>>> print(open('structure.cif').read())   # mmCIF, C-alpha atoms
data_coords
#
loop_
_atom_site.label_atom_id
_atom_site.label_comp_id
_atom_site.auth_asym_id
_atom_site.auth_seq_id
_atom_site.Cartn_x
_atom_site.Cartn_y
_atom_site.Cartn_z
CA MET S 1 -93.45 -55.41 -48.88
CA ASP S 2 -96.59 -54.97 -46.84
CA VAL S 3 -95.35 -52.58 -44.16
CA LYS S 4 -97.80 -50.11 -42.67
CA ASN S 5 -97.21 -47.55 -39.96
CA ARG S 6 -99.85 -44.93 -40.33
CA GLY S 7 -100.30 -44.22 -36.65
CA ILE S 8 -97.48 -41.98 -35.55
CA PRO S 9 -97.37 -38.62 -37.29
CA LEU S 10 -94.05 -38.20 -39.07
CA THR S 11 -93.35 -35.20 -36.91
CA THR S 12 -93.13 -37.53 -33.92
CA VAL S 13 -90.18 -39.41 -35.32
CA LEU S 14 -88.67 -36.97 -37.78
CA LEU S 15 -89.97 -33.48 -37.13
CA PHE S 16 -93.42 -34.36 -35.69
CA LEU S 17 -96.81 -33.08 -36.67
CA LEU S 18 -96.81 -30.42 -39.33
CA VAL S 19 -100.10 -28.96 -38.29
CA SER S 20 -101.76 -25.60 -38.80
CA ALA S 21 -105.15 -24.58 -37.70
CA ILE S 22 -107.73 -21.93 -37.34
CA PHE S 23 -110.73 -22.50 -35.10
CA SER S 24 -114.26 -21.34 -34.41
CA PRO S 25 -115.87 -19.76 -31.36
CA PRO S 26 -115.32 -21.61 -28.10
CA PHE S 27 -118.28 -23.35 -26.55
CA SER S 28 -119.07 -24.84 -23.18
CA ALA S 29 -120.52 -28.15 -22.08
CA ALA S 30 -123.72 -26.26 -21.44
CA ASN S 31 -124.18 -26.21 -25.21
CA GLN S 32 -124.31 -30.00 -25.33
CA LEU S 33 -127.61 -31.71 -26.02
CA LEU S 34 -128.26 -34.76 -23.88
CA THR S 35 -131.26 -37.05 -24.11
CA ASN S 36 -132.22 -40.26 -22.36
CA LYS S 37 -135.05 -42.68 -22.24
CA ASN S 38 -136.97 -40.67 -19.65
CA ARG S 39 -136.03 -37.31 -21.16
CA LYS S 40 -135.14 -35.99 -17.71
CA PRO S 41 -132.35 -33.46 -17.32
CA PRO S 42 -129.33 -34.57 -15.30
CA VAL S 43 -129.36 -33.81 -11.61
CA SER S 44 -125.93 -32.22 -11.89
CA PHE S 45 -123.26 -31.73 -14.50
CA HIS S 46 -121.13 -34.38 -12.79
CA SER S 47 -123.82 -36.96 -13.51
CA LEU S 48 -122.93 -36.73 -17.20
CA VAL S 49 -119.60 -38.48 -16.58
CA SER S 50 -119.96 -41.89 -18.17
CA SER S 51 -118.42 -44.14 -20.83
CA THR S 52 -119.19 -45.23 -24.37
CA ILE S 53 -118.13 -48.30 -26.32
CA PHE S 54 -117.73 -49.08 -30.03
CA PRO S 55 -117.46 -52.43 -31.83
CA VAL S 56 -114.20 -52.70 -33.78
CA ARG S 57 -113.62 -54.27 -37.17
CA GLY S 58 -110.36 -55.28 -38.84
CA ASN S 59 -107.22 -57.36 -38.36
CA VAL S 60 -103.45 -57.13 -38.49
CA TYR S 61 -103.15 -59.32 -41.59
CA PRO S 62 -104.15 -59.13 -44.36
CA LEU S 63 -106.15 -55.91 -43.81
CA GLY S 64 -103.59 -54.05 -41.72
CA TYR S 65 -105.79 -51.86 -39.51
CA TYR S 66 -108.70 -51.78 -37.07
CA THR S 67 -111.66 -49.43 -37.48
CA VAL S 68 -114.80 -48.15 -35.78
CA ILE S 69 -117.92 -46.50 -37.15
CA LEU S 70 -118.32 -42.94 -35.89
CA ASN S 71 -121.59 -41.13 -36.60
CA ILE S 72 -121.21 -37.43 -37.34
CA GLY S 73 -123.74 -34.67 -37.90
CA ASN S 74 -127.47 -34.18 -37.51
CA PRO S 75 -128.93 -36.29 -38.99
CA PRO S 76 -125.96 -38.56 -38.23
CA LYS S 77 -123.91 -40.03 -41.06
CA PRO S 78 -121.58 -43.03 -40.47
CA PHE S 79 -117.85 -42.83 -41.15
CA GLU S 80 -115.44 -45.75 -40.84
CA LEU S 81 -112.25 -44.51 -39.17
CA ASP S 82 -108.85 -46.06 -38.48
CA ILE S 83 -108.34 -46.09 -34.68
CA ASP S 84 -105.02 -44.45 -33.91
CA THR S 85 -103.53 -43.90 -30.46
CA GLY S 86 -100.38 -42.61 -32.19
CA SER S 87 -101.92 -39.28 -33.28
CA ASP S 88 -104.29 -36.68 -31.85
CA LEU S 89 -106.32 -35.28 -34.73
CA THR S 90 -109.50 -36.99 -35.91
CA TRP S 91 -110.25 -36.25 -39.55
CA VAL S 92 -112.66 -37.46 -42.22
CA GLU S 93 -112.60 -37.25 -46.00
CA CYS S 94 -114.40 -34.08 -46.93
CA ASP S 95 -116.33 -32.81 -49.94
CA ALA S 96 -114.77 -29.37 -50.23
CA PRO S 97 -114.28 -30.73 -52.98
CA CYS S 98 -111.84 -33.60 -52.32
CA LYS S 99 -108.55 -34.61 -53.88
CA GLY S 100 -107.16 -38.07 -53.20
CA CYS S 101 -110.25 -39.31 -51.36
CA THR S 102 -111.03 -43.03 -51.47
CA LYS S 103 -114.78 -42.74 -50.86
CA PRO S 104 -117.42 -41.75 -53.44
CA ARG S 105 -118.66 -38.17 -53.14
CA ASN S 106 -121.97 -39.13 -51.51
CA GLN S 107 -120.04 -40.77 -48.65
CA LEU S 108 -117.85 -37.74 -47.90
CA TYR S 109 -118.42 -35.27 -45.08
CA LYS S 110 -119.99 -32.03 -46.28
CA PRO S 111 -119.10 -28.89 -44.28
CA HIS S 112 -122.00 -26.53 -43.66
CA GLY S 113 -120.73 -23.22 -42.36
CA ASN S 114 -119.28 -24.93 -39.28
CA LEU S 115 -115.61 -24.05 -39.75
CA VAL S 116 -113.47 -23.64 -36.66
CA LYS S 117 -111.81 -20.24 -36.55
CA CYS S 118 -108.20 -19.35 -36.06
CA GLY S 119 -108.89 -17.64 -32.75
CA ASP S 120 -110.32 -20.79 -31.14
CA PRO S 121 -108.06 -22.18 -28.36
CA LEU S 122 -107.96 -25.59 -30.07
CA CYS S 123 -106.29 -24.00 -33.06
CA ALA S 124 -103.17 -23.40 -31.03
CA ALA S 125 -103.16 -27.10 -30.16
CA VAL S 126 -102.75 -28.12 -33.78
CA GLN S 127 -100.38 -25.27 -34.54
CA SER S 128 -97.99 -26.42 -31.84
CA VAL S 129 -95.07 -26.52 -34.30
CA PRO S 130 -94.24 -23.96 -37.00
CA SER S 131 -95.64 -24.60 -40.46
CA HIS S 132 -96.74 -22.71 -43.53
CA HIS S 133 -100.33 -22.64 -42.27
CA GLN S 134 -99.72 -20.19 -39.43
CA CYS S 135 -102.72 -18.28 -38.11
CA THR S 136 -102.64 -14.57 -38.96
CA ASN S 137 -106.32 -13.64 -38.78
CA PRO S 138 -108.35 -14.84 -35.74
CA ASN S 139 -111.52 -14.93 -37.86
CA ALA S 140 -110.01 -16.97 -40.68
CA GLN S 141 -110.59 -20.70 -41.06
CA CYS S 142 -108.34 -23.18 -39.26
CA ASP S 143 -106.17 -25.03 -41.76
CA TYR S 144 -104.21 -28.14 -40.85
CA GLU S 145 -101.69 -30.45 -42.43
CA ILE S 146 -100.67 -33.74 -40.87
CA LYS S 147 -97.96 -36.09 -42.10
CA TYR S 148 -97.72 -39.71 -40.99
CA ALA S 149 -94.69 -41.98 -40.70
CA ASP S 150 -95.77 -43.93 -43.79
CA HIS S 151 -95.51 -40.59 -45.64
CA GLY S 152 -99.26 -40.27 -46.11
CA THR S 153 -100.67 -36.79 -45.57
CA SER S 154 -104.00 -35.08 -44.97
CA LEU S 155 -104.62 -31.40 -45.67
CA GLY S 156 -107.84 -29.70 -44.66
CA VAL S 157 -109.70 -27.38 -42.31
CA LEU S 158 -111.05 -27.87 -38.81
CA VAL S 159 -114.81 -28.03 -38.39
CA ARG S 160 -117.09 -28.65 -35.44
CA ASP S 161 -120.19 -30.86 -35.53
CA ASN S 162 -122.43 -33.15 -33.48
CA ILE S 163 -121.05 -36.61 -32.71
CA PRO S 164 -123.85 -38.65 -31.09
CA LEU S 165 -122.58 -41.11 -28.48
CA GLN S 166 -124.58 -43.72 -26.60
CA SER S 167 -123.60 -43.54 -22.94
CA THR S 168 -123.45 -46.51 -20.58
CA ASN S 169 -125.89 -44.72 -18.28
CA GLY S 170 -128.56 -44.84 -20.99
CA SER S 171 -128.17 -41.24 -22.14
CA LEU S 172 -127.59 -40.13 -25.71
CA LEU S 173 -124.85 -37.50 -25.75
CA ARG S 174 -124.60 -35.07 -28.65
CA PRO S 175 -121.37 -33.15 -28.04
CA MET S 176 -120.05 -30.65 -30.56
CA VAL S 177 -116.55 -31.89 -31.36
CA ALA S 178 -113.80 -30.32 -33.46
CA PHE S 179 -112.20 -32.53 -36.13
CA GLY S 180 -110.48 -32.28 -39.48
CA CYS S 181 -112.31 -31.96 -42.77
CA GLY S 182 -109.65 -33.47 -45.05
CA TYR S 183 -109.97 -32.29 -48.64
CA ASP S 184 -106.50 -33.32 -49.92
CA GLN S 185 -105.09 -36.77 -49.10
CA GLU S 186 -101.87 -38.26 -50.41
CA TYR S 187 -100.56 -41.82 -50.02
CA HIS S 188 -96.91 -42.58 -50.73
CA SER S 189 -96.90 -46.34 -50.47
CA SER S 190 -96.64 -49.33 -52.75
CA ASN S 191 -99.84 -50.59 -51.14
CA PRO S 192 -103.27 -49.25 -52.12
CA PRO S 193 -104.68 -46.58 -49.78
CA PRO S 194 -106.91 -47.82 -46.95
CA SER S 195 -110.63 -47.99 -47.66
CA THR S 196 -111.41 -46.02 -44.49
CA ALA S 197 -112.94 -42.55 -44.47
CA GLY S 198 -110.29 -41.09 -42.17
CA VAL S 199 -108.53 -41.44 -38.82
CA LEU S 200 -109.84 -41.42 -35.24
CA GLY S 201 -107.03 -39.70 -33.31
CA LEU S 202 -106.88 -41.03 -29.75
CA GLY S 203 -103.70 -39.43 -28.41
CA TYR S 204 -103.83 -37.17 -25.38
CA GLY S 205 -103.27 -33.79 -27.02
CA LYS S 206 -105.99 -31.15 -26.61
CA ILE S 207 -107.42 -31.76 -30.09
CA SER S 208 -107.96 -35.49 -29.43
CA ILE S 209 -111.63 -36.47 -29.32
CA VAL S 210 -111.08 -38.06 -25.90
CA SER S 211 -109.53 -34.87 -24.52
CA GLN S 212 -112.39 -32.80 -25.91
CA LEU S 213 -115.06 -35.04 -24.38
CA HIS S 214 -113.22 -34.95 -21.06
CA SER S 215 -112.99 -31.15 -21.11
CA MET S 216 -116.79 -31.07 -21.45
CA GLY S 217 -117.15 -33.26 -18.37
CA LEU S 218 -118.71 -36.12 -20.33
CA ILE S 219 -116.10 -38.84 -19.70
CA ARG S 220 -113.03 -39.55 -17.66
CA ASN S 221 -109.88 -38.93 -19.68
CA VAL S 222 -109.40 -42.63 -20.41
CA VAL S 223 -109.45 -44.59 -23.66
CA GLY S 224 -109.02 -48.32 -24.13
CA HIS S 225 -109.18 -51.01 -26.78
CA CYS S 226 -109.22 -54.76 -27.15
CA LEU S 227 -108.10 -56.09 -30.56
CA SER S 228 -108.92 -59.67 -31.45
CA SER S 229 -106.45 -62.02 -33.13
CA SER S 230 -109.23 -64.38 -34.21
CA VAL S 231 -109.73 -65.19 -37.87
CA ARG S 232 -112.61 -62.73 -38.14
CA GLY S 233 -110.67 -60.04 -36.20
CA GLY S 234 -112.59 -57.21 -34.57
CA GLY S 235 -112.76 -56.24 -30.90
CA TYR S 236 -113.94 -53.09 -29.13
CA LEU S 237 -112.91 -49.53 -28.25
CA PHE S 238 -114.13 -47.50 -25.28
CA PHE S 239 -113.97 -43.95 -23.92
CA GLY S 240 -114.14 -43.42 -20.15
CA ASP S 241 -113.31 -45.70 -17.23
CA LYS S 242 -116.46 -47.81 -16.77
CA PHE S 243 -115.07 -50.90 -18.50
CA ILE S 244 -111.76 -51.17 -16.65
CA PRO S 245 -111.43 -54.41 -14.63
CA SER S 246 -111.01 -54.01 -10.89
CA SER S 247 -107.94 -56.25 -10.78
CA GLY S 248 -105.30 -58.01 -12.85
CA ILE S 249 -104.08 -54.97 -14.80
CA VAL S 250 -100.35 -54.38 -15.30
CA TRP S 251 -99.59 -50.64 -15.19
CA THR S 252 -96.60 -48.62 -16.31
CA PRO S 253 -96.25 -44.82 -16.27
CA ILE S 254 -96.53 -42.66 -19.38
CA LEU S 255 -93.25 -40.83 -19.85
CA GLN S 256 -93.37 -37.06 -19.53
CA GLN S 257 -92.44 -35.53 -22.88
CA SER S 258 -91.05 -32.09 -23.58
CA SER S 259 -92.26 -32.20 -27.17
CA SER S 260 -95.46 -30.34 -28.01
CA VAL S 261 -96.77 -33.56 -29.56
CA LYS S 262 -97.67 -36.09 -26.88
CA HIS S 263 -97.59 -39.87 -27.30
CA TYR S 264 -98.32 -42.90 -25.20
CA GLU S 265 -94.67 -43.63 -24.51
CA SER S 266 -93.32 -45.72 -21.67
CA GLY S 267 -90.09 -47.37 -20.63
CA PRO S 268 -87.29 -48.04 -20.37
CA ALA S 269 -87.85 -51.74 -20.99
CA ASP S 270 -85.49 -54.69 -21.37
CA LEU S 271 -86.14 -57.59 -23.74
CA PHE S 272 -86.17 -61.17 -22.50
CA PHE S 273 -86.04 -64.14 -24.90
CA ASN S 274 -87.36 -67.46 -23.61
CA GLY S 275 -87.15 -66.12 -20.06
CA LYS S 276 -83.52 -65.07 -20.37
CA PRO S 277 -82.12 -61.51 -20.47
CA THR S 278 -80.71 -60.25 -23.77
CA SER S 279 -78.49 -57.40 -24.95
CA VAL S 280 -81.60 -55.40 -25.87
CA LYS S 281 -82.07 -52.99 -22.97
CA GLY S 282 -83.46 -49.55 -22.22
CA LEU S 283 -86.09 -49.40 -24.98
CA GLN S 284 -88.47 -46.44 -24.94
CA LEU S 285 -91.76 -47.76 -26.36
CA ILE S 286 -94.66 -45.93 -28.00
CA PHE S 287 -98.02 -47.74 -27.88
CA ASP S 288 -99.62 -47.09 -31.27
CA SER S 289 -102.84 -48.73 -32.48
CA GLY S 290 -102.36 -46.99 -35.84
CA SER S 291 -99.39 -49.24 -36.63
CA SER S 292 -100.08 -52.77 -37.86
CA TYR S 293 -96.74 -54.13 -36.72
CA THR S 294 -94.22 -53.61 -33.95
CA TYR S 295 -91.02 -51.72 -34.77
CA PHE S 296 -87.63 -51.81 -33.02
CA ASN S 297 -84.66 -49.59 -33.71
CA SER S 298 -81.94 -51.16 -35.89
CA GLN S 299 -79.75 -52.41 -33.05
CA ALA S 300 -82.63 -54.03 -31.14
CA TYR S 301 -84.17 -55.41 -34.33
CA ASN S 302 -80.96 -57.04 -35.59
CA ALA S 303 -80.30 -58.57 -32.18
CA LEU S 304 -83.82 -60.03 -32.10
CA VAL S 305 -83.60 -61.45 -35.63
CA ASN S 306 -80.28 -63.11 -34.78
CA MET S 307 -81.77 -64.65 -31.63
CA VAL S 308 -84.79 -66.00 -33.54
CA ASN S 309 -82.68 -67.41 -36.38
CA ASN S 310 -80.22 -69.07 -33.98
CA ASP S 311 -83.08 -70.58 -32.00
CA LEU S 312 -84.62 -72.02 -35.18
CA LYS S 313 -81.48 -73.98 -36.10
CA GLY S 314 -82.24 -77.69 -36.22
CA LYS S 315 -85.99 -77.10 -36.46
CA PRO S 316 -88.03 -78.01 -39.57
CA LEU S 317 -88.24 -74.42 -40.80
CA ASN S 318 -86.35 -72.80 -43.68
CA ARG S 319 -86.08 -69.19 -44.80
CA ALA S 320 -88.78 -68.34 -47.34
CA THR S 321 -86.89 -65.61 -49.19
CA GLU S 322 -89.36 -65.74 -52.07
CA ASP S 323 -92.14 -64.57 -49.73
CA GLN S 324 -92.10 -60.77 -49.74
CA THR S 325 -94.97 -60.31 -47.28
CA LEU S 326 -92.54 -59.24 -44.54
CA PRO S 327 -88.72 -59.17 -44.37
CA ASN S 328 -88.37 -62.40 -42.35
CA CYS S 329 -90.49 -65.42 -43.30
CA TRP S 330 -90.00 -69.16 -42.84
CA LYS S 331 -91.64 -72.14 -44.50
CA GLY S 332 -92.33 -75.64 -43.28
CA ALA S 333 -92.84 -78.97 -45.02
CA LYS S 334 -96.37 -77.86 -45.82
CA PRO S 335 -98.22 -74.52 -45.59
CA PHE S 336 -99.17 -73.35 -42.13
CA ARG S 337 -102.78 -72.39 -41.42
CA SER S 338 -102.40 -70.49 -38.15
CA VAL S 339 -99.73 -69.31 -35.71
CA SER S 340 -100.74 -72.17 -33.40
CA ASP S 341 -99.14 -74.51 -35.96
CA VAL S 342 -95.70 -73.06 -35.15
CA ASP S 343 -96.12 -72.27 -31.43
CA ASN S 344 -93.60 -74.90 -30.41
CA TYR S 345 -90.93 -73.50 -32.74
CA PHE S 346 -90.89 -69.93 -31.38
CA LYS S 347 -90.25 -68.57 -27.90
CA THR S 348 -92.18 -66.06 -25.82
CA LEU S 349 -90.71 -62.55 -25.72
CA VAL S 350 -91.07 -60.34 -22.67
CA LEU S 351 -90.62 -56.59 -22.36
CA SER S 352 -89.81 -55.84 -18.73
CA PHE S 353 -90.35 -52.21 -17.67
CA THR S 354 -87.47 -51.46 -15.33
CA LYS S 355 -89.03 -48.49 -13.53
CA SER S 356 -92.29 -50.30 -12.73
CA ARG S 357 -92.41 -53.15 -10.25
CA ASN S 358 -93.52 -56.42 -11.90
CA SER S 359 -94.57 -54.62 -15.11
CA GLN S 360 -94.05 -56.99 -18.00
CA LEU S 361 -95.58 -57.12 -21.46
CA GLN S 362 -95.73 -60.77 -22.48
CA LEU S 363 -95.39 -61.40 -26.22
CA PRO S 364 -96.19 -65.04 -27.05
CA PRO S 365 -95.69 -66.10 -30.69
CA GLN S 366 -99.22 -64.91 -31.55
CA ALA S 367 -98.14 -61.39 -30.55
CA TYR S 368 -95.28 -61.11 -33.03
CA LEU S 369 -95.93 -63.60 -35.86
CA ILE S 370 -98.35 -63.78 -38.80
CA ILE S 371 -99.13 -66.52 -41.32
CA SER S 372 -98.80 -65.08 -44.82
CA SER S 373 -101.11 -65.84 -47.73
CA HIS S 374 -98.41 -68.27 -48.93
CA GLY S 375 -98.72 -70.35 -45.76
CA ASN S 376 -95.39 -69.20 -44.33
CA VAL S 377 -94.76 -67.80 -40.86
CA CYS S 378 -93.41 -64.23 -40.81
CA LEU S 379 -91.90 -62.03 -38.10
CA GLY S 380 -94.21 -59.09 -37.33
CA ILE S 381 -91.49 -57.07 -35.61
CA LEU S 382 -89.81 -54.82 -38.17
CA ASN S 383 -86.81 -52.51 -38.47
CA GLY S 384 -88.13 -49.04 -37.70
CA SER S 385 -84.95 -47.37 -38.93
CA GLU S 386 -85.75 -48.58 -42.45
CA VAL S 387 -89.09 -46.75 -42.52
CA GLY S 388 -87.98 -43.43 -41.09
CA LEU S 389 -88.63 -44.08 -37.40
CA GLY S 390 -85.04 -43.45 -36.39
CA ASN S 391 -84.40 -44.69 -32.86
CA SER S 392 -88.11 -44.90 -31.96
CA ASN S 393 -89.69 -48.21 -30.94
CA ILE S 394 -93.36 -48.87 -31.64
CA ILE S 395 -95.67 -51.41 -30.02
CA GLY S 396 -98.18 -51.97 -32.82
CA ASP S 397 -101.45 -53.86 -33.22
CA ILE S 398 -99.81 -57.27 -33.59
CA SER S 399 -98.45 -57.05 -30.03
CA LEU S 400 -101.60 -55.47 -28.58
CA GLN S 401 -103.96 -58.27 -29.65
CA ASP S 402 -105.98 -60.26 -27.12
CA LYS S 403 -105.35 -57.68 -24.41
CA MET S 404 -107.45 -54.90 -23.00
CA VAL S 405 -105.08 -51.94 -23.29
CA ILE S 406 -105.95 -48.86 -21.22
CA TYR S 407 -104.56 -45.36 -21.67
CA ASP S 408 -105.33 -43.51 -18.44
CA ASN S 409 -104.52 -39.86 -19.10
CA GLU S 410 -105.70 -38.73 -15.68
CA ARG S 411 -103.21 -40.93 -13.84
CA GLN S 412 -100.68 -40.79 -16.70
CA GLN S 413 -100.33 -44.56 -17.03
CA ILE S 414 -100.80 -47.36 -19.55
CA GLY S 415 -102.21 -50.70 -18.50
CA TRP S 416 -102.98 -54.06 -20.05
CA VAL S 417 -104.59 -57.33 -19.11
CA ASN S 418 -105.30 -60.49 -21.13
CA ALA S 419 -108.89 -60.46 -22.37
CA ASN S 420 -111.36 -62.08 -24.72
CA CYS S 421 -111.68 -59.33 -27.30
CA ASP S 422 -114.47 -61.15 -29.17
CA ARG S 423 -116.95 -60.30 -26.41
CA LEU S 424 -118.00 -56.80 -25.36
CA PRO S 425 -117.34 -56.19 -21.65
CA LYS S 426 -119.99 -55.21 -19.12
CA SER S 427 -119.70 -51.80 -17.50
#
>>> encode(input="structure.cif", output="structure tokens")
Amino acid sequence: MDVKNRGIPLTTVLLFLLVSAIFSPPFSAANQLLTNKNRKPPVSFHSLVSSTIFPVRGNVYPLGYYTVILNIGNPPKPFELDIDTGSDLTWVECDAPCKGCTKPRNQLYKPHGNLVKCGDPLCAAVQSVPSHHQCTNPNAQCDYEIKYADHGTSLGVLVRDNIPLQSTNGSLLRPMVAFGCGYDQEYHSSNPPPSTAGVLGLGYGKISIVSQLHSMGLIRNVVGHCLSSSVRGGGYLFFGDKFIPSSGIVWTPILQQSSSVKHYESGPADLFFNGKPTSVKGLQLIFDSGSSYTYFNSQAYNALVNMVNNDLKGKPLNRATEDQTLPNCWKGAKPFRSVSDVDNYFKTLVLSFTKSRNSQLQLPPQAYLIISSHGNVCLGILNGSEVGLGNSNIIGDISLQDKMVIYDNERQQIGWVNANCDRLPKS
């Protein structure tokens, strides 16, 4: 069963992030190196505020994740990272030495006396819940442990290094960013581990790379992505607000959370099927690019499956129980090649956010169906209760495709607008 939900740390849905840390001396934005074509210093610190954009690779199926290349160090070394709005900590496989790493040793990150110390303020951010890695010596290294909802884990230490970023204003930024140096990875899944070198944590906790860049005054505290559903997949990811369209965006507020671990959660939302209200109401939804599929709690999931099955009665589709790609698959008279082949058999779903005027997330068949390698059509909305998500509901990559999705941490809102994700936007 190909079910992936790496994005949300297990501590979010069970106990949330088991994280410990110990950090190095604090630094200011004045320590940042900035260069541009004319090699002129900025007129003021405020002039540094800009945006940066990354091409994205990947797909929902069969790969199961979307990635970007992040250069780290001086000289810079490329690392392919899973983009994850469901967690805060960025980490890379690390030669310390490494246990459970998927990359050869020459492709691992090598720490070089750049450990973050326990007394660093960021250390408290990753030690926000009790764990066995509590800081006792402010000069000791900052250890961390993170557990994800798919039961994968990363254990390591926090380091700080240059991450060169090309700004939209033509400048090359070289901020010193704290991230995890993961020297012990475990994967508890029937599927092989991802071929990526780590995770790019894009949540809005203090340790998130976006939060760090914002605290230096380099970007607005905004992150966005556009994930393509095309055969080749891909898309783009951006930091800052320079790529946000001036109109057409649907916004809904981010819910205030008492938990020390913050997530892009909104709601409540009611589900509509073919334009009609259903019994599925009041869903709290977490937007998580680290999850391949969308997950509903058991009650909402069972109601949706019943609606889909009842609507398919009399149509030339039969259950494909022999196809184990996902729990619910259907076959036709001949193999399907794309979701467009079955568009007329499935209805559009709508999530209507009840506390936001006219805020609806439209889910056409392409936003909740895949075509398996067997040529069957499968439901990409899964039962979260079966994978340890409890009552949580996750909007995953499948439902975020072909939309620019914007996480505006300054205004505490999430927005989306239909977009061509195969083409990089102009700032």
>>> atom_distance(input="structure.cif", atom1="atom CA of Asp95 of chain S", atom2="atom CA of Gly198 of chain S")
12.9 Å
>>> atom_distance(input="structure.cif", atom1="atom CA of Leu351 of chain S", atom2="atom CA of Ala300 of chain S")
12.1 Å
>>> resolve_selection(input="structure.cif", expression="the PyMOL selection byres ((chain S and resi 383) around 7)", output="list in words")
Tyr295, Phe296, Asn297, Ser298, Tyr301, Leu382, Gly384, Ser385 and Glu386 of chain S
>>> residues_near_point(input="structure.cif", point="(-108.0, -42.8, -25.6)", cutoff="6 Å", atoms="all atoms listed in the file", output="ChimeraX atom specification")
/S:202,210,222-224,407
>>> closest_residue(input="structure.cif", among="S:Leu255, S:Ile394, S:Val68, S:Ile53", to="Ile219 of chain S", atoms="only C-alpha atoms")
S:Ile53
>>> closest_residue(input="structure.cif", among="S:Ala140, S:Val199, S:Ala333, S:Val417", to="Met404 of chain S", atoms="only C-alpha atoms")
S:Val417
>>> residues_around(input="structure.cif", residues="Ala303 of chain S", least_positions_apart="4", cutoff="12 Å", atoms="only C-alpha atoms", output="ChimeraX atom specification")
/S:271-273,278-281,296-299,307-310,381-383
>>> residues_around(input="structure.cif", residues="Ser195 of chain S", least_positions_apart="4", cutoff="10 Å", atoms="all atoms listed in the file", output="VMD selection string")
chain S and resid 63 80 to 82 101 to 103
>>> residues_around(input="structure.cif", residues="Gly275 of chain S", least_positions_apart="2", cutoff="9 Å", atoms="only C-alpha atoms", output="PyMOL selection string")
chain S and resi 272-273+277+347-350
>>> resolve_selection(input="structure.cif", expression="the PyMOL selection byres ((chain S and resi 243) around 12)", output="VMD selection string")
chain S and resid 50 to 54 168 220 222 to 226 236 to 242 244 to 247 404 to 406 424 to 427
>>> closest_residue(input="structure.cif", among="S:Gly203, S:Gly282, S:Pro76, S:Gly86", to="Pro164 of chain S", atoms="only C-alpha atoms")
S:Pro76
>>> residues_near_point(input="structure.cif", point="(-114.2, -48.0, -39.2)", cutoff="8 Å", atoms="only C-alpha atoms", output="number ranges by chain")
S: 56-57, 66-70, 79-83, 196-197
>>> resolve_selection(input="structure.cif", expression="the PyMOL selection byres ((chain S and resi 374) around 10)", output="list of chain:residue names")
S:Ala320, S:Glu322, S:Asp323, S:Gln324, S:Thr325, S:Lys331, S:Pro335, S:Phe336, S:Arg337, S:Ile371, S:Ser372, S:Ser373, S:Gly375, S:Asn376, S:Val377
